[in-house]
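The file final03.cif comes next; it holds mmCIF, C-alpha atoms.
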```
data_input
loop_
_atom_site.label_atom_id
_atom_site.label_comp_id
_atom_site.auth_asym_id
_atom_site.auth_seq_id
_atom_site.Cartn_x
_atom_site.Cartn_y
_atom_site.Cartn_z
CA MET B 24 -54.09 6.44 75.73
CA CYS B 25 -56.83 8.61 77.30
CA LEU B 26 -54.28 10.76 79.13
CA ARG B 27 -52.27 11.29 75.95
CA ASN B 28 -55.37 12.33 74.00
CA LEU B 29 -56.36 14.68 76.82
CA LYS B 30 -52.92 16.30 76.70
CA ILE B 31 -53.23 16.71 72.91
CA PHE B 32 -56.64 18.36 73.36
CA ILE B 33 -55.36 20.74 76.05
CA ILE B 34 -52.30 21.75 74.00
CA THR B 35 -54.40 22.25 70.84
CA HIS B 36 -56.98 24.26 72.75
CA PHE B 37 -54.28 26.42 74.36
CA LEU B 38 -52.67 27.17 70.99
CA VAL B 39 -56.01 28.03 69.36
CA VAL B 40 -57.03 30.36 72.20
CA SER B 41 -53.57 32.00 72.23
CA VAL B 42 -53.71 32.74 68.50
CA PHE B 43 -57.32 33.84 68.85
CA LEU B 44 -56.50 36.30 71.64
CA THR B 45 -53.54 37.68 69.66
CA VAL B 46 -55.75 38.30 66.63
CA LEU B 47 -58.46 39.90 68.74
CA GLY B 48 -55.95 42.16 70.44
CA SER B 49 -54.48 43.36 67.17
CA GLN B 50 -57.92 43.96 65.67
CA ASN B 51 -59.11 45.86 68.71
CA ASN B 52 -56.10 48.18 68.63
CA THR B 53 -55.93 48.90 64.93
CA ILE B 54 -59.48 48.99 63.54
CA HIS B 55 -62.19 49.50 66.12
CA LEU B 56 -63.32 52.63 67.88
CA VAL B 57 -65.57 50.44 70.03
CA THR B 58 -63.62 48.93 72.94
CA GLU B 59 -66.61 47.49 74.79
CA PHE B 60 -70.21 46.48 74.19
CA ILE B 61 -73.33 46.96 76.27
CA LEU B 62 -75.07 43.61 76.70
CA LEU B 63 -78.67 44.59 77.48
CA GLY B 64 -79.99 41.18 78.56
CA PHE B 65 -83.59 40.97 79.77
CA SER B 66 -85.68 43.99 80.70
CA TYR B 67 -87.07 44.05 84.24
CA GLN B 68 -88.47 46.54 86.68
CA GLY B 69 -88.33 46.90 90.46
CA ASN B 70 -88.43 43.64 92.40
CA THR B 71 -88.38 41.52 89.25
CA GLN B 72 -84.61 42.05 89.07
CA GLY B 73 -84.04 40.16 92.32
CA PHE B 74 -86.53 37.45 91.34
CA PHE B 75 -84.91 36.97 87.94
CA PHE B 76 -81.42 36.84 89.47
CA SER B 77 -82.51 34.25 92.05
CA SER B 78 -84.26 32.12 89.42
CA ILE B 79 -81.24 32.07 87.10
CA LEU B 80 -78.88 31.37 90.00
CA ILE B 81 -81.01 28.43 91.23
CA LEU B 82 -81.25 27.09 87.66
CA TYR B 83 -77.46 27.33 87.32
CA LEU B 84 -76.74 25.59 90.63
CA LEU B 85 -79.22 22.80 89.90
CA THR B 86 -77.63 22.31 86.48
CA LEU B 87 -74.19 21.99 88.07
CA LEU B 88 -75.55 19.57 90.69
CA GLY B 89 -77.43 17.39 88.21
CA ASN B 90 -74.72 17.10 85.58
CA GLY B 91 -71.97 16.88 88.21
CA SER B 92 -73.82 13.97 89.82
CA ILE B 93 -73.92 12.12 86.50
CA VAL B 94 -70.17 12.70 86.00
CA CYS B 95 -69.47 11.35 89.50
CA ALA B 96 -71.81 8.38 89.04
CA VAL B 97 -70.11 7.35 85.80
CA LYS B 98 -66.69 7.87 87.36
CA TRP B 99 -67.28 5.95 90.59
CA ASP B 100 -69.63 3.12 89.57
CA ARG B 101 -67.80 0.48 87.55
CA ARG B 102 -71.10 -0.90 86.31
CA LEU B 103 -71.40 2.29 84.28
CA HIS B 104 -67.98 1.93 82.64
CA THR B 105 -69.54 1.07 79.29
CA PRO B 106 -69.47 3.20 76.11
CA MET B 107 -73.06 4.44 76.51
CA TYR B 108 -72.43 5.77 80.02
CA ILE B 109 -68.94 7.03 79.21
CA PHE B 110 -70.48 9.13 76.42
CA LEU B 111 -73.19 10.28 78.84
CA GLY B 112 -70.60 11.23 81.46
CA ASN B 113 -68.65 13.30 78.94
CA PHE B 114 -71.88 14.88 77.74
CA ALA B 115 -72.78 15.89 81.31
CA PHE B 116 -69.26 17.29 81.81
CA LEU B 117 -69.72 19.27 78.59
CA GLU B 118 -73.04 20.65 79.81
CA ILE B 119 -71.35 22.03 82.94
CA TRP B 120 -68.93 24.05 80.83
CA TYR B 121 -71.59 24.97 78.29
CA VAL B 122 -73.87 26.57 80.86
CA SER B 123 -70.87 28.16 82.60
CA SER B 124 -69.88 29.99 79.41
CA THR B 125 -72.93 32.27 79.68
CA ILE B 126 -74.78 32.09 82.99
CA PRO B 127 -72.13 33.60 85.33
CA ASN B 128 -71.76 36.63 83.06
CA MET B 129 -75.55 36.82 82.80
CA LEU B 130 -75.84 36.90 86.60
CA VAL B 131 -73.25 39.67 86.87
CA ASN B 132 -75.03 41.54 84.09
CA ILE B 133 -78.37 41.42 85.94
CA LEU B 134 -76.87 43.20 88.97
CA SER B 135 -74.69 45.57 86.97
CA GLU B 136 -75.82 49.08 86.11
CA ASN B 137 -73.66 49.67 83.01
CA LYS B 138 -73.89 46.05 81.66
CA THR B 139 -70.65 46.44 79.71
CA ILE B 140 -68.47 43.66 78.33
CA SER B 141 -65.09 44.30 76.73
CA PHE B 142 -64.47 43.67 73.04
CA SER B 143 -62.16 40.70 73.71
CA ALA B 144 -64.40 39.24 76.44
CA CYS B 145 -67.39 39.40 74.09
CA PHE B 146 -65.63 37.45 71.36
CA LEU B 147 -64.15 35.01 73.87
CA GLN B 148 -67.66 34.27 75.14
CA PHE B 149 -68.73 33.91 71.50
CA TYR B 150 -65.92 31.40 70.92
CA PHE B 151 -66.51 29.22 73.99
CA PHE B 152 -70.31 29.31 73.74
CA PHE B 153 -70.37 28.26 70.09
CA SER B 154 -67.47 25.80 70.40
CA LEU B 155 -69.14 24.02 73.32
CA GLY B 156 -72.47 24.06 71.44
CA THR B 157 -70.77 22.53 68.40
CA THR B 158 -69.16 19.87 70.61
CA GLU B 159 -72.63 19.08 71.97
CA CYS B 160 -73.91 18.54 68.42
CA PHE B 161 -71.06 16.12 67.75
CA PHE B 162 -71.66 14.24 71.01
CA LEU B 163 -75.37 13.82 70.26
CA SER B 164 -74.43 12.37 66.88
CA VAL B 165 -71.89 9.96 68.39
CA MET B 166 -74.38 8.88 71.07
CA ALA B 167 -76.96 8.14 68.37
CA TYR B 168 -74.37 6.08 66.47
CA ASP B 169 -73.62 4.15 69.67
CA ARG B 170 -77.31 3.29 70.08
CA TYR B 171 -77.51 2.24 66.43
CA LEU B 172 -74.64 -0.20 66.92
CA ALA B 173 -76.07 -1.55 70.18
CA ILE B 174 -79.55 -2.19 68.76
CA CYS B 175 -78.98 -2.91 65.08
CA ARG B 176 -75.65 -4.78 65.37
CA PRO B 177 -75.65 -6.22 68.89
CA LEU B 178 -73.35 -9.14 68.08
CA HIS B 179 -70.69 -6.89 66.56
CA TYR B 180 -71.11 -4.10 69.11
CA PRO B 181 -68.37 -5.23 71.56
CA SER B 182 -65.82 -5.63 68.77
CA ILE B 183 -66.68 -2.29 67.11
CA MET B 184 -67.28 -0.03 70.11
CA THR B 185 -64.08 -0.90 71.94
CA ARG B 186 -62.70 1.28 74.72
CA LYS B 187 -60.04 2.63 72.36
CA PHE B 188 -62.62 3.53 69.70
CA CYS B 189 -64.87 5.09 72.34
CA VAL B 190 -62.03 7.31 73.63
CA THR B 191 -61.11 8.24 70.05
CA LEU B 192 -64.68 9.36 69.29
CA ILE B 193 -64.76 11.42 72.49
CA CYS B 194 -61.47 13.16 71.63
CA ILE B 195 -62.67 13.86 68.07
CA CYS B 196 -65.83 15.50 69.43
CA TRP B 197 -63.91 17.75 71.83
CA VAL B 198 -61.10 18.74 69.47
CA SER B 199 -63.31 19.22 66.40
CA GLY B 200 -65.80 21.31 68.37
CA PHE B 201 -63.11 23.76 69.47
CA LEU B 202 -61.43 23.96 66.06
CA CYS B 203 -64.56 24.87 64.09
CA TYR B 204 -65.21 28.46 65.15
CA PRO B 205 -61.91 30.41 65.30
CA VAL B 206 -62.07 31.32 61.60
CA PRO B 207 -65.70 32.65 61.58
CA ILE B 208 -65.12 34.55 64.81
CA VAL B 209 -61.90 36.13 63.53
CA LEU B 210 -63.71 37.15 60.33
CA ILE B 211 -66.44 38.87 62.36
CA SER B 212 -63.88 40.50 64.66
CA GLN B 213 -62.21 42.07 61.60
CA LEU B 214 -65.36 44.03 60.79
CA PRO B 215 -65.17 47.73 61.77
CA PHE B 216 -67.18 48.54 64.89
CA CYS B 217 -67.38 52.31 65.29
CA GLY B 218 -70.67 52.64 67.19
CA PRO B 219 -73.32 52.16 68.43
CA ASN B 220 -72.24 49.37 70.79
CA ILE B 221 -75.51 48.09 72.28
CA ILE B 222 -76.16 44.34 71.90
CA ASP B 223 -79.84 43.63 72.55
CA HIS B 224 -79.25 40.03 73.61
CA ILE B 225 -78.18 37.93 76.59
CA VAL B 226 -74.98 36.63 74.92
CA CYS B 227 -72.53 37.86 72.30
CA ASP B 228 -74.21 36.43 69.21
CA PRO B 229 -73.29 36.84 65.51
CA GLY B 230 -76.65 38.34 64.54
CA PRO B 231 -76.44 41.45 66.76
CA LEU B 232 -72.70 41.79 66.04
CA PHE B 233 -73.34 41.91 62.28
CA ALA B 234 -75.99 44.58 62.92
CA LEU B 235 -73.46 46.72 64.83
CA ALA B 236 -70.78 46.62 62.12
CA CYS B 237 -70.22 50.01 60.44
CA VAL B 238 -70.24 48.51 56.96
CA PRO B 239 -72.40 45.68 55.61
CA ALA B 240 -70.60 42.37 55.18
CA PRO B 241 -72.97 40.13 53.18
CA SER B 242 -70.27 37.65 52.15
CA THR B 243 -69.06 37.15 55.74
CA GLU B 244 -72.63 36.95 56.99
CA LEU B 245 -73.58 34.37 54.36
CA LEU B 246 -70.43 32.37 55.12
CA CYS B 247 -71.19 32.32 58.85
CA TYR B 248 -74.83 31.33 58.44
CA THR B 249 -73.88 28.64 55.93
CA PHE B 250 -71.26 27.38 58.36
CA ASN B 251 -73.82 27.36 61.20
CA SER B 252 -76.29 25.44 59.05
CA MET B 253 -73.67 22.83 58.14
CA ILE B 254 -72.69 22.32 61.79
CA ILE B 255 -76.34 22.02 62.80
CA PHE B 256 -77.60 19.86 59.93
CA GLY B 257 -74.53 17.61 59.57
CA PRO B 258 -74.85 15.96 63.00
CA PHE B 259 -78.65 16.24 62.85
CA LEU B 260 -78.84 14.22 59.63
CA SER B 261 -76.45 11.69 61.16
CA ILE B 262 -78.73 11.39 64.20
CA LEU B 263 -81.79 11.12 61.97
CA GLY B 264 -80.16 8.36 59.92
CA SER B 265 -79.09 6.42 63.01
CA TYR B 266 -82.54 6.51 64.58
CA THR B 267 -84.31 5.70 61.32
CA LEU B 268 -82.31 2.48 61.21
CA VAL B 269 -82.94 1.91 64.93
CA LEU B 270 -86.70 2.33 64.56
CA ARG B 271 -86.75 0.01 61.56
CA ALA B 272 -84.90 -2.62 63.59
CA VAL B 273 -87.14 -2.12 66.64
CA PHE B 274 -90.35 -2.65 64.69
CA ARG B 275 -88.96 -5.95 63.48
CA VAL B 276 -88.55 -7.23 67.03
CA PRO B 277 -91.31 -9.83 67.59
CA SER B 278 -91.42 -9.38 71.36
CA GLY B 279 -93.39 -6.47 72.79
CA ALA B 280 -91.07 -6.39 75.80
CA GLY B 281 -88.06 -6.17 73.49
CA ARG B 282 -89.55 -3.21 71.64
CA THR B 283 -90.35 -1.46 74.91
CA LYS B 284 -86.80 -1.95 76.17
CA ALA B 285 -85.32 -0.60 72.92
CA PHE B 286 -87.62 2.44 72.93
CA SER B 287 -86.77 3.08 76.58
CA THR B 288 -83.06 3.01 75.78
CA CYS B 289 -83.39 5.55 72.95
CA GLY B 290 -86.33 7.62 74.16
CA SER B 291 -84.36 9.85 76.54
CA HIS B 292 -81.77 10.62 73.88
CA LEU B 293 -84.46 11.54 71.35
CA VAL B 294 -86.08 13.93 73.85
CA VAL B 295 -82.72 15.68 74.45
CA VAL B 296 -82.05 15.90 70.71
CA SER B 297 -85.52 17.38 70.10
CA LEU B 298 -85.13 20.00 72.83
CA PHE B 299 -81.65 21.07 71.76
CA TYR B 300 -82.10 21.04 67.99
CA GLY B 301 -85.61 22.48 68.06
CA THR B 302 -84.46 25.70 69.71
CA LEU B 303 -81.14 25.76 67.86
CA MET B 304 -82.75 25.69 64.43
CA VAL B 305 -85.10 28.53 65.32
CA MET B 306 -82.08 30.73 66.06
CA TYR B 307 -79.39 29.87 63.53
CA VAL B 308 -80.67 28.05 60.47
CA SER B 309 -82.14 31.00 58.57
CA PRO B 310 -80.25 34.29 58.18
CA THR B 311 -83.55 36.06 57.49
CA SER B 312 -85.48 34.66 60.43
CA GLY B 313 -86.66 38.13 61.70
CA ASN B 314 -87.35 36.96 65.21
CA PRO B 315 -87.91 39.83 67.66
CA ALA B 316 -85.13 40.42 70.18
CA GLY B 317 -87.27 39.26 73.10
CA MET B 318 -88.01 35.93 71.41
CA GLN B 319 -84.33 35.42 70.57
CA LYS B 320 -83.42 35.93 74.23
CA ILE B 321 -86.00 33.43 75.41
CA VAL B 322 -84.99 30.80 72.86
CA THR B 323 -81.31 31.29 73.68
CA LEU B 324 -82.06 30.94 77.40
CA ILE B 325 -83.91 27.67 76.73
CA TYR B 326 -81.13 25.90 74.81
CA SER B 327 -78.24 27.43 76.76
CA ALA B 328 -79.60 27.10 80.30
CA LEU B 329 -82.88 25.18 80.55
CA THR B 330 -81.90 22.22 78.34
CA PRO B 331 -78.69 21.47 80.33
CA LEU B 332 -80.84 21.46 83.49
CA LEU B 333 -83.37 19.01 82.04
CA ASN B 334 -80.84 16.59 80.54
CA PRO B 335 -79.88 14.88 83.85
CA LEU B 336 -83.57 14.42 84.70
CA ILE B 337 -84.39 13.03 81.27
CA TYR B 338 -81.50 10.55 81.25
CA SER B 339 -81.85 9.40 84.86
CA LEU B 340 -85.63 9.00 85.03
CA ARG B 341 -85.67 6.48 82.18
CA ASN B 342 -82.59 4.50 83.20
CA LYS B 343 -82.60 2.13 86.18
CA ASP B 344 -78.81 1.75 86.39
CA MET B 345 -78.26 5.50 86.29
CA LYS B 346 -80.98 6.10 88.89
CA ASN B 347 -79.38 3.63 91.27
CA ALA B 348 -75.92 5.16 90.77
CA LEU B 349 -77.25 8.69 91.27
CA LYS B 350 -79.02 7.67 94.49
CA LYS B 351 -75.70 6.47 95.85
CA VAL B 352 -73.88 9.62 94.75
CA LEU B 353 -76.49 12.04 96.10
CA GLY B 354 -76.91 9.94 99.23
CA LEU B 355 -73.15 10.15 99.90
CA THR B 356 -72.86 6.39 100.14
CA THR B 357 -69.95 4.32 98.93
CA ILE B 358 -70.47 2.42 95.71
CA GLN B 359 -69.41 -1.15 96.06
CA ASN B 360 -67.34 -2.48 93.18
#
```

Please render this file's structure as structure tokens.
Amino acid sequence: MCLRNLKIFIITHFLVVSVFLTVLGSQNNTIHLVTEFILLGFSYQGNTQGFFFSSILILYLLTLLGNGSIVCAVKWDRRLHTPMYIFLGNFAFLEIWYVSSTIPNMLVNILSENKTISFSACFLQFYFFFSLGTTECFFLSVMAYDRYLAICRPLHYPSIMTRKFCVTLICICWVSGFLCYPVPIVLISQLPFCGPNIIDHIVCDPGPLFALACVPAPSTELLCYTFNSMIIFGPFLSILGSYTLVLRAVFRVPSGAGRTKAFSTCGSHLVVVSLFYGTLMVMYVSPTSGNPAGMQKIVTLIYSALTPLLNPLIYSLRNKDMKNALKKVLGLTTIQN
């Protein structure tokens, strides 16, 4: 069942990307005078370039190590083959791809003198970065629902959150996340770009791209910001509803130890949600947020690079089973079934 769903996801993703590339190619040849953009990134002088490159590289490698360790722990330790850890393993796998959609290009950009990115590569980065971010929103919502079932309906939890239902939710998150953004991105790619071509950001983002269009496109801009708000607030309200019910159930628990255990189970997830959504809303909720370019770069770096680094620490430090599994993975010892 899982293999079949994975094949469906891969085929769907391949078809979407193929159509997307075809549309981008036709738009680039027929409308635009701009064939590449200049992605400015951060400003630095002298030795700060090497320091910044080293810092970002270390952050990236630690993120890969931390999230990769969680994926391996969930894969190899049968004690973690439960819905909560299966969701966490998929979330860590997602974080690896999420950070890889921007950081490698950012590292190349730091060392590059011209800092150019082709038209198609820019919109491909746009697609993968936002699709993976959307998938992360969906996963956070599903993980909150899982905790709601486990705490508020513990007797029905095994019959509701079956392995089949768990795999179905995972596939829905992945497929839905990658099917949301082709239409907005194609609409933006159809705008005429005739110069200038300087993007004062660290990633190809809709805000700077709208600013570079030769003609104003208020309807497309409003559509995209409305779409962003729906994707952000839809899962967020679902998470808020799930944890409102969880907190109400926790405060009814007569035992102090029971309340502590419940808060410990949900606390790490709430911290991750707060970090991710706090920075995300600053960037994409309001189309008139007039944040300076420097602030936008810092906020983007936090939710695209720093948050994926912190997630493994947040989840492992508050979870005894995960800590034990990670010790075995990082210690290169064999997990006994």

For the file shown, what are the residues hit by the PyMOL selection byres ((chain B and resi 238-245) around 9), laid out as a list in words?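 This file, filtered by the PyMOL selection byres ((chain B and resi 238-245) around 9), leaves Pro207, Leu210, Ile211, Leu214, Pro215, Phe216, Pro229, Gly230, Phe233, Ala234, Leu235, Ala236, Cys237, Leu246, Cys247, Tyr248, Thr249, Phe250 and Pro310 of chain B.
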
Tell me which residues the PyMOL selection byres ((chain B and resi 348) around 10) grabs here, as a PyMOL selection string. chain B and resi 92-93+95-97+99-103+339+343-347+349-354+356+358

Using only C-alpha atoms, please write the residues we just selected to a file, as a PDB file, keeping the file's coordinate frame.
```pdb
ATOM      1  CA  SER B  92     -73.820  13.970  89.820  1.00  0.00           C
ATOM      2  CA  ILE B  93     -73.920  12.120  86.500  1.00  0.00           C
ATOM      3  CA  CYS B  95     -69.470  11.350  89.500  1.00  0.00           C
ATOM      4  CA  ALA B  96     -71.810   8.380  89.040  1.00  0.00           C
ATOM      5  CA  VAL B  97     -70.110   7.350  85.800  1.00  0.00           C
ATOM      6  CA  TRP B  99     -67.280   5.950  90.590  1.00  0.00           C
ATOM      7  CA  ASP B 100     -69.630   3.120  89.570  1.00  0.00           C
ATOM      8  CA  ARG B 101     -67.800   0.480  87.550  1.00  0.00           C
ATOM      9  CA  ARG B 102     -71.100  -0.900  86.310  1.00  0.00           C
ATOM     10  CA  LEU B 103     -71.400   2.290  84.280  1.00  0.00           C
ATOM     11  CA  SER B 339     -81.850   9.400  84.860  1.00  0.00           C
ATOM     12  CA  LYS B 343     -82.600   2.130  86.180  1.00  0.00           C
ATOM     13  CA  ASP B 344     -78.810   1.750  86.390  1.00  0.00           C
ATOM     14  CA  MET B 345     -78.260   5.500  86.290  1.00  0.00           C
ATOM     15  CA  LYS B 346     -80.980   6.100  88.890  1.00  0.00           C
ATOM     16  CA  ASN B 347     -79.380   3.630  91.270  1.00  0.00           C
ATOM     17  CA  LEU B 349     -77.250   8.690  91.270  1.00  0.00           C
ATOM     18  CA  LYS B 350     -79.020   7.670  94.490  1.00  0.00           C
ATOM     19  CA  LYS B 351     -75.700   6.470  95.850  1.00  0.00           C
ATOM     20  CA  VAL B 352     -73.880   9.620  94.750  1.00  0.00           C
ATOM     21  CA  LEU B 353     -76.490  12.040  96.100  1.00  0.00           C
ATOM     22  CA  GLY B 354     -76.910   9.940  99.230  1.00  0.00           C
ATOM     23  CA  THR B 356     -72.860   6.390 100.140  1.00  0.00           C
ATOM     24  CA  ILE B 358     -70.470   2.420  95.710  1.00  0.00           C
TER      25      ILE B 358
END
```

List the neighbours of Ser154 (chain B) out to 12 Å using all atoms listed in the file; skip same-chain residues closer than 4 positions along the sequence, and give me the result as a PDB file with C-alpha atoms, in the coordinates of the input.
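Now in out-v9.pdb:
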```
ATOM      1  CA  HIS B  36     -56.980  24.260  72.750  1.00  0.00           C
ATOM      2  CA  VAL B  39     -56.010  28.030  69.360  1.00  0.00           C
ATOM      3  CA  VAL B  40     -57.030  30.360  72.200  1.00  0.00           C
ATOM      4  CA  LEU B 117     -69.720  19.270  78.590  1.00  0.00           C
ATOM      5  CA  TRP B 120     -68.930  24.050  80.830  1.00  0.00           C
ATOM      6  CA  TYR B 121     -71.590  24.970  78.290  1.00  0.00           C
ATOM      7  CA  SER B 124     -69.880  29.990  79.410  1.00  0.00           C
ATOM      8  CA  PHE B 146     -65.630  37.450  71.360  1.00  0.00           C
ATOM      9  CA  LEU B 147     -64.150  35.010  73.870  1.00  0.00           C
ATOM     10  CA  GLN B 148     -67.660  34.270  75.140  1.00  0.00           C
ATOM     11  CA  PHE B 149     -68.730  33.910  71.500  1.00  0.00           C
ATOM     12  CA  TYR B 150     -65.920  31.400  70.920  1.00  0.00           C
ATOM     13  CA  THR B 158     -69.160  19.870  70.610  1.00  0.00           C
ATOM     14  CA  GLU B 159     -72.630  19.080  71.970  1.00  0.00           C
ATOM     15  CA  CYS B 160     -73.910  18.540  68.420  1.00  0.00           C
ATOM     16  CA  PHE B 161     -71.060  16.120  67.750  1.00  0.00           C
ATOM     17  CA  CYS B 196     -65.830  15.500  69.430  1.00  0.00           C
ATOM     18  CA  TRP B 197     -63.910  17.750  71.830  1.00  0.00           C
ATOM     19  CA  VAL B 198     -61.100  18.740  69.470  1.00  0.00           C
ATOM     20  CA  SER B 199     -63.310  19.220  66.400  1.00  0.00           C
ATOM     21  CA  GLY B 200     -65.800  21.310  68.370  1.00  0.00           C
ATOM     22  CA  PHE B 201     -63.110  23.760  69.470  1.00  0.00           C
ATOM     23  CA  LEU B 202     -61.430  23.960  66.060  1.00  0.00           C
ATOM     24  CA  CYS B 203     -64.560  24.870  64.090  1.00  0.00           C
ATOM     25  CA  TYR B 204     -65.210  28.460  65.150  1.00  0.00           C
ATOM     26  CA  PRO B 205     -61.910  30.410  65.300  1.00  0.00           C
ATOM     27  CA  VAL B 206     -62.070  31.320  61.600  1.00  0.00           C
ATOM     28  CA  PRO B 207     -65.700  32.650  61.580  1.00  0.00           C
ATOM     29  CA  ILE B 208     -65.120  34.550  64.810  1.00  0.00           C
ATOM     30  CA  ASN B 251     -73.820  27.360  61.200  1.00  0.00           C
ATOM     31  CA  ILE B 254     -72.690  22.320  61.790  1.00  0.00           C
TER      32      ILE B 254
END
```

Region 107-109 of chain B environment, 10 Å, only C-alpha atoms, sequence neighbours closer than 5 positions dropped, as a PyMOL selection string: chain B and resi 93-94+96-98+102+114-115+165-167+169-170+173+184+186+189-190+193+344-345

Hey, which of B:Asn128, B:Ser78, B:Gln72, B:Asn137 ends up closest to Phe152 (chain B)? Count all atoms listed in the file.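 Of all the options, B:Asn128 lies closest to Phe152 (chain B).
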
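Interatomic distance, CA of Ser291 (chain B) to CA of Pro335 (chain B): 9.9 Å.
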
Name the residues that the PyMOL selection byres ((chain B and resi 64) around 7) pulls out of this structure, and write them as number ranges by chain. B: 62-63, 65-66, 223-225

Centre, edges in Å (one decimal): axis-aligned box, region 161-168 of chain B, 6 Å padding on all six sides, as JSON:
```
{"center_x": -74.0, "center_y": 11.1, "center_z": 68.8, "size_x": 17.9, "size_y": 22.0, "size_z": 16.6}
```

Out of B:Ile222, B:Ile262, B:Ala272, B:Cys175, which residue has the shortest atom-to-atom distance to Lys320 (chain B) when counting only C-alpha atoms? B:Ile222

Nearest residue to Ile325 (chain B) from the set B:Val131, B:Leu82, B:Ser77, B:Leu293 (distances using only C-alpha atoms): B:Leu82

Closest to Cys217 (chain B) among B:Val305, B:Thr185, B:Leu268, B:Phe142, using only C-alpha atoms?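 Ranking B:Val305, B:Thr185, B:Leu268, B:Phe142 by distance to Cys217 (chain B), first place goes to B:Phe142.
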
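Our summary of the geometry notes that CA of Leu134 (chain B) is positioned 13.7 Å from CA of Ile61 (chain B).
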
Atomic separation - CA of Lys138 (chain B) relative to CA of Ser212 (chain B), Å: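 A separation of 20.5 Å between them.
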